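Coordinates from structure06.txt are shown below (compact mmCIF, N, CA and C atoms).
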# COMPACT_ATOMS: atom_id res chain seq x y z
N ALA H 1 -16.35 97.37 139.87
CA ALA H 1 -16.32 98.46 140.83
C ALA H 1 -16.29 99.78 140.07
N HIS H 2 -17.05 100.72 140.54
CA HIS H 2 -17.05 102.03 139.89
C HIS H 2 -17.19 103.13 140.94
N VAL H 3 -16.69 104.28 140.59
CA VAL H 3 -16.83 105.47 141.41
C VAL H 3 -17.73 106.41 140.63
N ARG H 4 -18.89 106.69 141.16
CA ARG H 4 -19.89 107.47 140.43
C ARG H 4 -19.51 108.94 140.31
N ASN H 5 -18.98 109.51 141.39
CA ASN H 5 -18.61 110.93 141.33
C ASN H 5 -17.34 111.10 140.51
N GLN H 6 -17.28 112.19 139.78
CA GLN H 6 -16.11 112.49 138.97
C GLN H 6 -15.63 113.89 139.28
N VAL H 7 -14.35 114.09 139.09
CA VAL H 7 -13.74 115.39 139.33
C VAL H 7 -13.01 115.80 138.06
N MET H 8 -13.20 117.04 137.69
CA MET H 8 -12.48 117.56 136.52
C MET H 8 -11.75 118.82 136.94
N PHE H 9 -10.44 118.82 136.74
CA PHE H 9 -9.64 120.00 137.02
C PHE H 9 -9.11 120.53 135.69
N SER H 10 -8.93 121.82 135.63
CA SER H 10 -8.44 122.48 134.42
C SER H 10 -7.05 123.06 134.68
N LEU H 11 -6.17 122.90 133.71
CA LEU H 11 -4.85 123.52 133.82
C LEU H 11 -4.97 125.03 133.88
N PHE H 12 -6.01 125.58 133.29
CA PHE H 12 -6.16 127.03 133.20
C PHE H 12 -6.75 127.66 134.46
N THR H 13 -7.61 126.94 135.17
CA THR H 13 -8.27 127.54 136.33
C THR H 13 -7.86 126.92 137.66
N ASP H 14 -7.31 125.73 137.65
CA ASP H 14 -7.00 125.02 138.89
C ASP H 14 -5.51 124.88 139.17
N PHE H 15 -4.69 125.40 138.30
CA PHE H 15 -3.23 125.36 138.48
C PHE H 15 -2.66 126.74 138.24
N GLU H 16 -1.87 127.20 139.19
CA GLU H 16 -1.21 128.49 139.04
C GLU H 16 0.09 128.27 138.27
N ASN H 17 0.27 129.04 137.21
CA ASN H 17 1.45 128.91 136.33
C ASN H 17 1.60 127.49 135.78
N PHE H 18 0.49 126.81 135.62
CA PHE H 18 0.44 125.45 135.08
C PHE H 18 1.25 124.44 135.89
N SER H 19 1.58 124.77 137.14
CA SER H 19 2.37 123.83 137.92
C SER H 19 1.91 123.69 139.37
N GLU H 20 1.44 124.75 140.00
CA GLU H 20 1.02 124.68 141.40
C GLU H 20 -0.48 124.47 141.48
N PHE H 21 -0.86 123.38 142.14
CA PHE H 21 -2.27 123.01 142.22
C PHE H 21 -3.00 123.93 143.19
N LYS H 22 -3.90 124.72 142.67
CA LYS H 22 -4.75 125.62 143.46
C LYS H 22 -6.16 125.58 142.87
N PRO H 23 -6.94 124.55 143.23
CA PRO H 23 -8.25 124.39 142.62
C PRO H 23 -9.23 125.48 143.03
N THR H 24 -10.16 125.76 142.14
CA THR H 24 -11.22 126.70 142.48
C THR H 24 -12.07 126.08 143.58
N GLU H 25 -12.79 126.89 144.31
CA GLU H 25 -13.61 126.39 145.42
C GLU H 25 -14.62 125.35 144.94
N GLN H 26 -15.23 125.63 143.79
CA GLN H 26 -16.23 124.71 143.24
C GLN H 26 -15.60 123.35 142.91
N ASN H 27 -14.46 123.35 142.25
CA ASN H 27 -13.82 122.08 141.88
C ASN H 27 -13.27 121.36 143.10
N ALA H 28 -12.74 122.09 144.05
CA ALA H 28 -12.22 121.46 145.26
C ALA H 28 -13.35 120.77 146.03
N GLY H 29 -14.55 121.33 145.98
CA GLY H 29 -15.69 120.73 146.67
C GLY H 29 -16.15 119.42 146.08
N THR H 30 -15.80 119.14 144.83
CA THR H 30 -16.20 117.87 144.21
C THR H 30 -15.23 116.75 144.52
N LEU H 31 -14.06 117.09 145.03
CA LEU H 31 -13.03 116.07 145.27
C LEU H 31 -13.36 115.15 146.44
N ALA H 32 -13.80 115.69 147.56
CA ALA H 32 -14.06 114.88 148.76
C ALA H 32 -15.10 113.77 148.52
N PRO H 33 -16.25 114.06 147.88
CA PRO H 33 -17.21 112.97 147.64
C PRO H 33 -16.63 111.86 146.76
N MET H 34 -15.82 112.20 145.77
CA MET H 34 -15.22 111.18 144.92
C MET H 34 -14.24 110.33 145.73
N LEU H 35 -13.41 110.98 146.54
CA LEU H 35 -12.45 110.23 147.36
C LEU H 35 -13.16 109.35 148.37
N ASP H 36 -14.26 109.82 148.93
CA ASP H 36 -15.04 108.99 149.87
C ASP H 36 -15.49 107.70 149.20
N GLN H 37 -15.98 107.79 147.97
CA GLN H 37 -16.40 106.59 147.24
C GLN H 37 -15.21 105.70 146.91
N LEU H 38 -14.10 106.31 146.55
CA LEU H 38 -12.91 105.55 146.22
C LEU H 38 -12.38 104.78 147.42
N VAL H 39 -12.41 105.38 148.59
CA VAL H 39 -11.95 104.71 149.81
C VAL H 39 -12.82 103.50 150.12
N VAL H 40 -14.12 103.63 149.94
CA VAL H 40 -15.03 102.49 150.18
C VAL H 40 -14.66 101.32 149.28
N TRP H 41 -14.44 101.58 148.00
CA TRP H 41 -14.08 100.51 147.08
C TRP H 41 -12.69 99.95 147.38
N THR H 42 -11.77 100.80 147.76
CA THR H 42 -10.42 100.34 148.10
C THR H 42 -10.47 99.35 149.25
N ARG H 43 -11.24 99.69 150.27
CA ARG H 43 -11.36 98.78 151.43
C ARG H 43 -12.08 97.49 151.05
N ALA H 44 -13.10 97.60 150.23
CA ALA H 44 -13.86 96.43 149.82
C ALA H 44 -13.00 95.48 148.99
N MET H 45 -12.16 96.02 148.15
CA MET H 45 -11.33 95.19 147.27
C MET H 45 -10.08 94.65 147.95
N GLN H 46 -9.78 95.13 149.14
CA GLN H 46 -8.60 94.68 149.86
C GLN H 46 -8.62 93.17 150.10
N SER H 47 -9.76 92.64 150.48
CA SER H 47 -9.85 91.20 150.72
C SER H 47 -9.73 90.42 149.42
N VAL H 48 -10.25 90.96 148.33
CA VAL H 48 -10.13 90.30 147.03
C VAL H 48 -8.65 90.24 146.61
N ARG H 49 -7.94 91.35 146.78
CA ARG H 49 -6.52 91.37 146.43
C ARG H 49 -5.74 90.36 147.28
N ALA H 50 -6.08 90.27 148.56
CA ALA H 50 -5.39 89.34 149.44
C ALA H 50 -5.63 87.89 149.00
N GLU H 51 -6.86 87.55 148.62
CA GLU H 51 -7.15 86.20 148.17
C GLU H 51 -6.43 85.89 146.87
N LEU H 52 -6.37 86.84 145.95
CA LEU H 52 -5.66 86.61 144.69
C LEU H 52 -4.16 86.43 144.91
N THR H 53 -3.61 87.19 145.83
CA THR H 53 -2.20 87.07 146.15
C THR H 53 -1.91 85.70 146.78
N ALA H 54 -2.77 85.29 147.68
CA ALA H 54 -2.59 83.99 148.33
C ALA H 54 -2.73 82.84 147.32
N ALA H 55 -3.64 82.97 146.39
CA ALA H 55 -3.84 81.92 145.38
C ALA H 55 -2.66 81.84 144.42
N ALA H 56 -2.02 82.98 144.17
CA ALA H 56 -0.88 83.00 143.24
C ALA H 56 0.36 82.38 143.87
N ASN H 57 0.42 82.36 145.19
CA ASN H 57 1.61 81.81 145.87
C ASN H 57 1.37 80.38 146.15

Since I need it in another form, could you write the structure as structure tokens?
Amino acid sequence: AHVRNQVMFSLFTDFENFSEFKPTEQNAGTLAPMLDQLVVWTRAMQSVRAELTAAAN
């Protein structure tokens, strides 16, 4: 399983005082497509995890 989209945040531009997350508009726009792909894989792997759990018990 892989997630094709990637997100890169910088401590210098996406965090205020290196602690409060405030991404730039450009970087924030890349997050939703990556999360959309991640959710698809999470749902797809749910049945696999359930089968592995059942087999282990």

key: Shell around Thr24 in chain H at 7 Å using only N, CA and C atoms, local window under 4 positions removed, as a list in words   =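 Returned residues: Thr13, Asp14, Phe15, Ala28 and Gly29 of chain H.
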
inquiry  = For a cutoff of 10 Å around the file-coordinate point (-3.4, 119.3, 137.1), which residues qualify once you count only C-alpha atoms? I'd like the result as a list in words.
reply    = Met8, Phe9, Ser10, Leu11, Phe12, Thr13, Asp14, Phe15, Glu16, Phe18, Ser19, Glu20, Phe21, Lys22 and Pro23 of chain H

request  = Work out how far apart atom C of Asn17 in chain H and atom N of Ala32 in chain H are and give it in Å to one decimal.
outcome  =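 Between atom C of Asn17 in chain H and atom N of Ala32 in chain H the gap works out to 22.7 Å.
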
Any chance you could list, as a compact mmCIF listing (two decimals) with N, CA and C atoms, keeping the file's coordinate frame, the residues in chain H that come up alpha helix (DSSP H) when DSSP is run on the backbone?
# COMPACT_ATOMS: atom_id res chain seq x y z
N GLU H 25 -12.79 126.89 144.31
CA GLU H 25 -13.61 126.39 145.42
C GLU H 25 -14.62 125.35 144.94
N GLN H 26 -15.23 125.63 143.79
CA GLN H 26 -16.23 124.71 143.24
C GLN H 26 -15.60 123.35 142.91
N ASN H 27 -14.46 123.35 142.25
CA ASN H 27 -13.82 122.08 141.88
C ASN H 27 -13.27 121.36 143.10
N ALA H 28 -12.74 122.09 144.05
CA ALA H 28 -12.22 121.46 145.26
C ALA H 28 -13.35 120.77 146.03
N GLY H 29 -14.55 121.33 145.98
CA GLY H 29 -15.69 120.73 146.67
C GLY H 29 -16.15 119.42 146.08
N THR H 30 -15.80 119.14 144.83
CA THR H 30 -16.20 117.87 144.21
C THR H 30 -15.23 116.75 144.52
N LEU H 31 -14.06 117.09 145.03
CA LEU H 31 -13.03 116.07 145.27
C LEU H 31 -13.36 115.15 146.44
N ALA H 32 -13.80 115.69 147.56
CA ALA H 32 -14.06 114.88 148.76
C ALA H 32 -15.10 113.77 148.52
N PRO H 33 -16.25 114.06 147.88
CA PRO H 33 -17.21 112.97 147.64
C PRO H 33 -16.63 111.86 146.76
N MET H 34 -15.82 112.20 145.77
CA MET H 34 -15.22 111.18 144.92
C MET H 34 -14.24 110.33 145.73
N LEU H 35 -13.41 110.98 146.54
CA LEU H 35 -12.45 110.23 147.36
C LEU H 35 -13.16 109.35 148.37
N ASP H 36 -14.26 109.82 148.93
CA ASP H 36 -15.04 108.99 149.87
C ASP H 36 -15.49 107.70 149.20
N GLN H 37 -15.98 107.79 147.97
CA GLN H 37 -16.40 106.59 147.24
C GLN H 37 -15.21 105.70 146.91
N LEU H 38 -14.10 106.31 146.55
CA LEU H 38 -12.91 105.55 146.22
C LEU H 38 -12.38 104.78 147.42
N VAL H 39 -12.41 105.38 148.59
CA VAL H 39 -11.95 104.71 149.81
C VAL H 39 -12.82 103.50 150.12
N VAL H 40 -14.12 103.63 149.94
CA VAL H 40 -15.03 102.49 150.18
C VAL H 40 -14.66 101.32 149.28
N TRP H 41 -14.44 101.58 148.00
CA TRP H 41 -14.08 100.51 147.08
C TRP H 41 -12.69 99.95 147.38
N THR H 42 -11.77 100.80 147.76
CA THR H 42 -10.42 100.34 148.10
C THR H 42 -10.47 99.35 149.25
N ARG H 43 -11.24 99.69 150.27
CA ARG H 43 -11.36 98.78 151.43
C ARG H 43 -12.08 97.49 151.05
N ALA H 44 -13.10 97.60 150.23
CA ALA H 44 -13.86 96.43 149.82
C ALA H 44 -13.00 95.48 148.99
N MET H 45 -12.16 96.02 148.15
CA MET H 45 -11.33 95.19 147.27
C MET H 45 -10.08 94.65 147.95
N GLN H 46 -9.78 95.13 149.14
CA GLN H 46 -8.60 94.68 149.86
C GLN H 46 -8.62 93.17 150.10
N SER H 47 -9.76 92.64 150.48
CA SER H 47 -9.85 91.20 150.72
C SER H 47 -9.73 90.42 149.42
N VAL H 48 -10.25 90.96 148.33
CA VAL H 48 -10.13 90.30 147.03
C VAL H 48 -8.65 90.24 146.61
N ARG H 49 -7.94 91.35 146.78
CA ARG H 49 -6.52 91.37 146.43
C ARG H 49 -5.74 90.36 147.28
N ALA H 50 -6.08 90.27 148.56
CA ALA H 50 -5.39 89.34 149.44
C ALA H 50 -5.63 87.89 149.00
N GLU H 51 -6.86 87.55 148.62
CA GLU H 51 -7.15 86.20 148.17
C GLU H 51 -6.43 85.89 146.87
N LEU H 52 -6.37 86.84 145.95
CA LEU H 52 -5.66 86.61 144.69
C LEU H 52 -4.16 86.43 144.91
N THR H 53 -3.61 87.19 145.83
CA THR H 53 -2.20 87.07 146.15
C THR H 53 -1.91 85.70 146.78
N ALA H 54 -2.77 85.29 147.68
CA ALA H 54 -2.59 83.99 148.33
C ALA H 54 -2.73 82.84 147.32
N ALA H 55 -3.64 82.97 146.39
CA ALA H 55 -3.84 81.92 145.38
C ALA H 55 -2.66 81.84 144.42
N ALA H 56 -2.02 82.98 144.17
CA ALA H 56 -0.88 83.00 143.24
C ALA H 56 0.36 82.38 143.87

query = Which residue, H:Asn57, H:His2, H:Glu51, H:Gln26, has the smallest gap to Leu38 in chain H when you use all atoms listed in the file?
reply =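 Looking only at the distances to Leu38 in chain H, the closest residue turns out to be H:His2.
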
query = So which bits of range 6-36 of chain H end up strand (DSSP E) when you DSSP the backbone, as a list in words?
reply =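 DSSP-assigned strand (DSSP E) residues in range 6-36 of chain H: Phe15, Glu16, Glu20 and Phe21 of chain H.
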
task = For Asn5 in chain H, list every protein, DNA or RNA residue within 6.5 Å, evaluated using all atoms listed in the file, and leave out those in the same chain fewer than 2 positions away; present the list as a PyMOL selection string.
result = chain H and resi 3+7+33-34
